[in-house]
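Data from data-v2.cif: mmCIF, C-alpha atoms
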```cif
data_my_file
#
loop_
_atom_site.label_atom_id
_atom_site.label_comp_id
_atom_site.auth_asym_id
_atom_site.auth_seq_id
_atom_site.Cartn_x
_atom_site.Cartn_y
_atom_site.Cartn_z
CA MET A 1 13.73 1.18 2.55
CA PRO A 2 12.70 -2.29 3.75
CA LEU A 3 9.19 -3.61 3.27
CA LYS A 4 7.11 -3.22 6.44
CA PHE A 5 3.52 -4.28 5.73
CA PRO A 6 3.35 -8.03 5.03
CA THR A 7 -0.38 -8.23 5.72
CA ALA A 8 -1.08 -5.44 3.23
CA ARG A 9 1.06 -7.19 0.62
CA LEU A 10 -0.87 -10.41 1.22
CA LEU A 11 -4.17 -8.54 0.87
CA VAL A 12 -3.15 -7.18 -2.55
CA CYS A 13 -1.89 -10.61 -3.64
CA ASN A 14 -5.13 -12.20 -2.50
CA MET A 15 -7.19 -9.68 -4.44
CA MET A 16 -5.20 -10.36 -7.58
CA LEU A 17 -5.14 -14.14 -7.26
CA ASP A 18 -8.36 -15.18 -5.51
CA GLN A 19 -10.57 -12.33 -6.67
CA ALA A 20 -9.07 -12.07 -10.17
CA ARG A 21 -8.46 -8.33 -9.97
CA ASP A 22 -5.80 -6.58 -12.02
CA CYS A 23 -2.93 -4.92 -10.17
CA ALA A 24 -4.41 -1.40 -10.35
CA THR A 25 -7.78 -2.53 -9.01
CA ALA A 26 -6.11 -4.56 -6.26
CA CYS A 27 -4.08 -1.53 -5.13
CA VAL A 28 -7.12 0.75 -5.13
CA HIS A 29 -9.25 -1.72 -3.19
CA GLY A 30 -6.34 -2.26 -0.80
CA ALA A 31 -6.32 1.51 -0.24
CA TYR A 32 -10.05 1.34 0.53
CA GLU A 33 -9.49 -1.53 3.00
CA TYR A 34 -6.65 0.27 4.77
CA GLY A 35 -8.51 3.59 4.94
CA ILE A 36 -5.97 5.47 2.84
CA VAL A 37 -8.78 6.85 0.71
CA ALA A 38 -12.55 6.82 1.13
CA PRO A 39 -14.28 3.73 -0.26
CA GLY A 40 -15.46 4.40 -3.79
CA SER A 41 -13.42 7.58 -4.20
CA LEU A 42 -11.33 6.13 -7.02
CA ASP A 43 -14.06 4.08 -8.72
CA ASN A 44 -14.39 6.56 -11.59
CA TRP A 45 -10.63 6.52 -12.10
CA LEU A 46 -10.72 2.70 -12.22
CA LYS A 47 -13.62 2.71 -14.65
CA ASN A 48 -11.69 4.98 -17.03
CA PHE A 49 -8.32 3.33 -16.44
CA HIS A 50 -6.79 1.81 -19.57
CA PRO A 51 -3.07 1.20 -19.15
CA SER A 52 -0.97 1.99 -22.16
CA GLU A 53 1.54 -0.48 -23.56
CA GLY A 54 4.34 -0.96 -21.07
CA ALA A 55 2.71 1.09 -18.31
CA CYS A 56 2.65 -0.40 -14.83
CA GLY A 57 -0.92 -0.38 -13.55
CA SER A 58 0.11 -0.61 -9.91
CA LEU A 59 2.36 2.46 -10.23
CA LEU A 60 -0.36 4.47 -11.96
CA ALA A 61 -2.89 3.44 -9.31
CA ALA A 62 -0.45 4.22 -6.50
CA ARG A 63 0.07 7.74 -7.79
CA GLU A 64 -3.71 8.30 -7.89
CA ILE A 65 -4.07 6.85 -4.39
CA VAL A 66 -1.44 9.23 -3.00
CA GLU A 67 -3.00 12.27 -4.68
CA GLN A 68 -6.52 11.34 -3.56
CA HIS A 69 -5.29 10.70 -0.02
CA PHE A 70 -3.89 14.20 0.34
CA LEU A 71 -6.87 15.87 -1.33
CA GLN A 72 -9.25 14.06 1.04
CA ARG A 73 -7.22 15.22 4.02
CA ARG A 74 -8.45 18.73 3.31
CA HIS A 75 -11.99 17.66 4.14
CA LEU A 76 -11.23 15.05 6.79
CA SER A 77 -8.97 17.19 8.95
CA HIS A 78 -11.03 20.37 8.70
CA GLY A 79 -14.59 19.12 8.57
CA ASN A 80 -16.83 18.54 5.59
CA ASP A 81 -17.08 22.25 4.85
CA GLY A 82 -13.28 22.49 4.49
CA SER A 83 -12.86 24.85 7.44
CA ASN A 84 -11.18 24.31 10.79
CA GLY A 85 -13.23 26.80 12.71
CA ASN A 86 -11.30 29.89 11.68
CA GLY A 87 -11.99 29.64 7.95
CA ALA A 88 -8.47 28.38 7.17
CA CYS A 89 -7.86 25.13 5.38
CA PRO A 90 -4.93 23.85 3.36
CA ALA A 91 -4.96 25.05 -0.21
CA GLU A 92 -5.47 22.39 -2.85
CA GLU A 93 -2.19 23.45 -4.47
CA ASP A 94 -0.35 22.81 -1.19
CA LEU A 95 -1.90 19.37 -0.87
CA LEU A 96 -1.08 18.52 -4.48
CA SER A 97 2.49 19.69 -3.88
CA LEU A 98 2.72 17.44 -0.82
CA ALA A 99 1.28 14.55 -2.84
CA ALA A 100 3.84 15.16 -5.61
CA SER A 101 6.78 15.25 -3.21
CA THR A 102 5.51 12.11 -1.47
CA TRP A 103 5.17 10.39 -4.82
CA THR A 104 8.75 11.38 -5.72
CA GLU A 105 9.94 9.75 -2.49
CA ILE A 106 7.94 6.60 -3.26
CA GLU A 107 9.38 6.43 -6.79
CA HIS A 108 12.89 6.80 -5.39
CA ASP A 109 12.33 3.92 -2.95
CA ILE A 110 10.88 1.77 -5.74
CA GLN A 111 13.91 2.47 -7.95
CA CYS A 112 16.26 1.57 -5.10
CA TYR A 113 14.30 -1.63 -4.43
CA ARG A 114 14.44 -2.57 -8.12
CA LYS A 115 18.21 -1.99 -8.21
CA MET A 116 18.64 -4.08 -5.08
CA LYS A 117 16.64 -6.93 -6.63
CA SER A 118 17.85 -6.55 -10.25
CA GLY A 119 20.19 -9.54 -10.10
CA THR A 120 17.47 -11.81 -8.77
CA PHE A 121 15.72 -12.40 -12.09
CA SER A 122 17.03 -13.56 -15.45
CA SER A 123 17.22 -10.92 -18.17
CA HIS A 124 17.28 -13.49 -20.99
CA PRO A 125 14.71 -12.59 -23.69
CA ASN A 126 13.03 -16.02 -23.43
CA SER A 127 12.72 -15.96 -19.65
CA PRO A 128 9.39 -15.23 -17.97
CA LYS A 129 8.52 -11.58 -17.59
CA ASN A 130 10.43 -9.97 -14.75
CA PRO A 131 8.12 -10.01 -11.70
CA MET A 132 9.41 -6.57 -10.74
CA ASP A 133 7.70 -5.17 -13.84
CA CYS A 134 4.35 -6.96 -13.66
CA GLY A 135 1.40 -7.47 -11.36
CA LEU A 136 3.56 -9.30 -8.83
CA PHE A 137 5.15 -5.93 -8.11
CA ALA A 138 1.81 -4.45 -6.98
CA PRO A 139 2.11 -5.67 -3.36
CA ILE A 140 5.56 -4.07 -3.10
CA VAL A 141 4.31 -0.77 -4.53
CA PHE A 142 1.38 -0.83 -2.09
CA ASP A 143 3.76 -1.43 0.83
CA PHE A 144 5.81 1.65 -0.12
CA VAL A 145 2.63 3.74 -0.43
CA LEU A 146 1.56 2.70 3.08
CA GLN A 147 4.98 3.52 4.50
CA HIS A 148 5.04 7.02 3.06
CA ILE A 149 1.38 7.83 3.76
CA SER A 150 1.74 6.74 7.39
CA ARG A 151 4.35 9.47 7.97
CA TYR A 152 1.73 12.22 7.56
#
```
Translate this file's structure into C-alpha cells.
Amino acid sequence: MPLKFPTARLLVCNMMLDQARDCATACVHGAYEYGIVAPGSLDNWLKNFHPSEGACGSLLAAREIVEQHFLQRRHLSHGNDGSNGNGACPAEEDLLSLAASTWTEIEHDIQCYRKMKSGTFSSHPNSPKNPMDCGLFAPIVFDFVLQHISRY
C-alpha cells in the first residue's frame, strides 16, 4: 500500500523534531489533530507509557489509537448515551474485534513496506540504526493508520 498522507507525515515529523516529542507522543497528538480520537483521550495512556527494550513506540501508540478510535465510535455515532434511538448500539466486543482486524491489516501493510524498503539501509552492525525501526518510522506508521481508519 503506498503512502497517501504527506501532510500528516510532516505533522508527525514536525512534532518530533521541532517540539521534541517522542514518536509515541507525536503519533497520539497527530491523532488528536486529525480527529481520529478525541483530544486528551489517550493522555493517561501516554502518561503511563514506558516502552520496553526494543519496542517501537509508534507501533504501540498506533495500536492504542486504533482501539480508542473504534471504542469512541460507539458514543459518537449513537449519541453520548450510547443509543441510536432504538436502544441498539454496537457492542464493545464488536468494536474491539473491528479494531483488532484493522490493526492486523495495518501490521500487514507495515511488514510489506519494510520488506519493500529493506535493501535501502545498511545492515552493517556499525551503521546508524535502521530508520525503519526508530522514530523516523513514526510518520509512516501514522500514514497507514490514517489510511485504514478512513475506510470506516
Exercise: stretch 14-26 of chain A partners within 10 Å, all atoms listed in the file, chain neighbours under 4 positions left out, as an mmCIF file with C-alpha atoms, in the frame of the given file:
```cif
data_model
loop_
_atom_site.group_PDB
_atom_site.id
_atom_site.type_symbol
_atom_site.label_atom_id
_atom_site.label_comp_id
_atom_site.auth_asym_id
_atom_site.auth_seq_id
_atom_site.Cartn_x
_atom_site.Cartn_y
_atom_site.Cartn_z
ATOM 1 C CA ALA A 8 -1.080 -5.440 3.230
ATOM 2 C CA ARG A 9 1.060 -7.190 0.620
ATOM 3 C CA LEU A 10 -0.870 -10.410 1.220
ATOM 4 C CA GLY A 30 -6.340 -2.260 -0.800
ATOM 5 C CA ALA A 31 -6.320 1.510 -0.240
ATOM 6 C CA TYR A 32 -10.050 1.340 0.530
ATOM 7 C CA LEU A 42 -11.330 6.130 -7.020
ATOM 8 C CA ASP A 43 -14.060 4.080 -8.720
ATOM 9 C CA TRP A 45 -10.630 6.520 -12.100
ATOM 10 C CA LEU A 46 -10.720 2.700 -12.220
ATOM 11 C CA LYS A 47 -13.620 2.710 -14.650
ATOM 12 C CA PHE A 49 -8.320 3.330 -16.440
ATOM 13 C CA PRO A 51 -3.070 1.200 -19.150
ATOM 14 C CA CYS A 56 2.650 -0.400 -14.830
ATOM 15 C CA GLY A 57 -0.920 -0.380 -13.550
ATOM 16 C CA SER A 58 0.110 -0.610 -9.910
ATOM 17 C CA LEU A 59 2.360 2.460 -10.230
ATOM 18 C CA LEU A 60 -0.360 4.470 -11.960
ATOM 19 C CA ALA A 61 -2.890 3.440 -9.310
ATOM 20 C CA ALA A 62 -0.450 4.220 -6.500
ATOM 21 C CA CYS A 134 4.350 -6.960 -13.660
ATOM 22 C CA GLY A 135 1.400 -7.470 -11.360
ATOM 23 C CA LEU A 136 3.560 -9.300 -8.830
ATOM 24 C CA PHE A 137 5.150 -5.930 -8.110
ATOM 25 C CA ALA A 138 1.810 -4.450 -6.980
ATOM 26 C CA PRO A 139 2.110 -5.670 -3.360
ATOM 27 C CA PHE A 142 1.380 -0.830 -2.090
#
```
- Hey, which of A:Gln72, A:Val66, A:Cys89, A:Ile140 ends up closest to A:Glu105? Count only C-alpha atoms.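 Distance minimum relative to A:Glu105 lands on A:Val66.
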As a check of understanding: the span from atom CA of A:Lys115 to atom CA of A:Ser101 is 21.3 Å
Shortest contact to A:Arg63, candidates A:Ser97, A:Asn48, A:Ser41, A:Thr102, atoms counted all atoms listed in the file, goes to A:Thr102
For A:Met116, the closest of A:Val141, A:Ile149, A:Met1, A:Leu71 counting all atoms listed in the file is A:Met1
For A:Thr104, the closest of A:His148, A:Lys117, A:His29, A:Arg73 counting all atoms listed in the file is A:His148
Measuring atom to atom with all atoms listed in the file, identify which of A:Leu146, A:Gln111, A:Tyr152, A:His50 is nearest to A:Thr7.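 The shortest atom-to-atom distance to A:Thr7 comes from A:Leu146.
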note - atom CA of A:Arg151 and atom CA of A:Leu95 are separated by 14.7 Å
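Here atom CA of A:Gln68 stands at a distance of 16.1 Å from atom CA of A:Gln147.
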Q: Using all atoms listed in the file, find the one residue out of A:Tyr113, A:Val145, A:Glu107, A:Leu98 that sits nearest to A:Val28.
A: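 Nearest to A:Val28: A:Val145.
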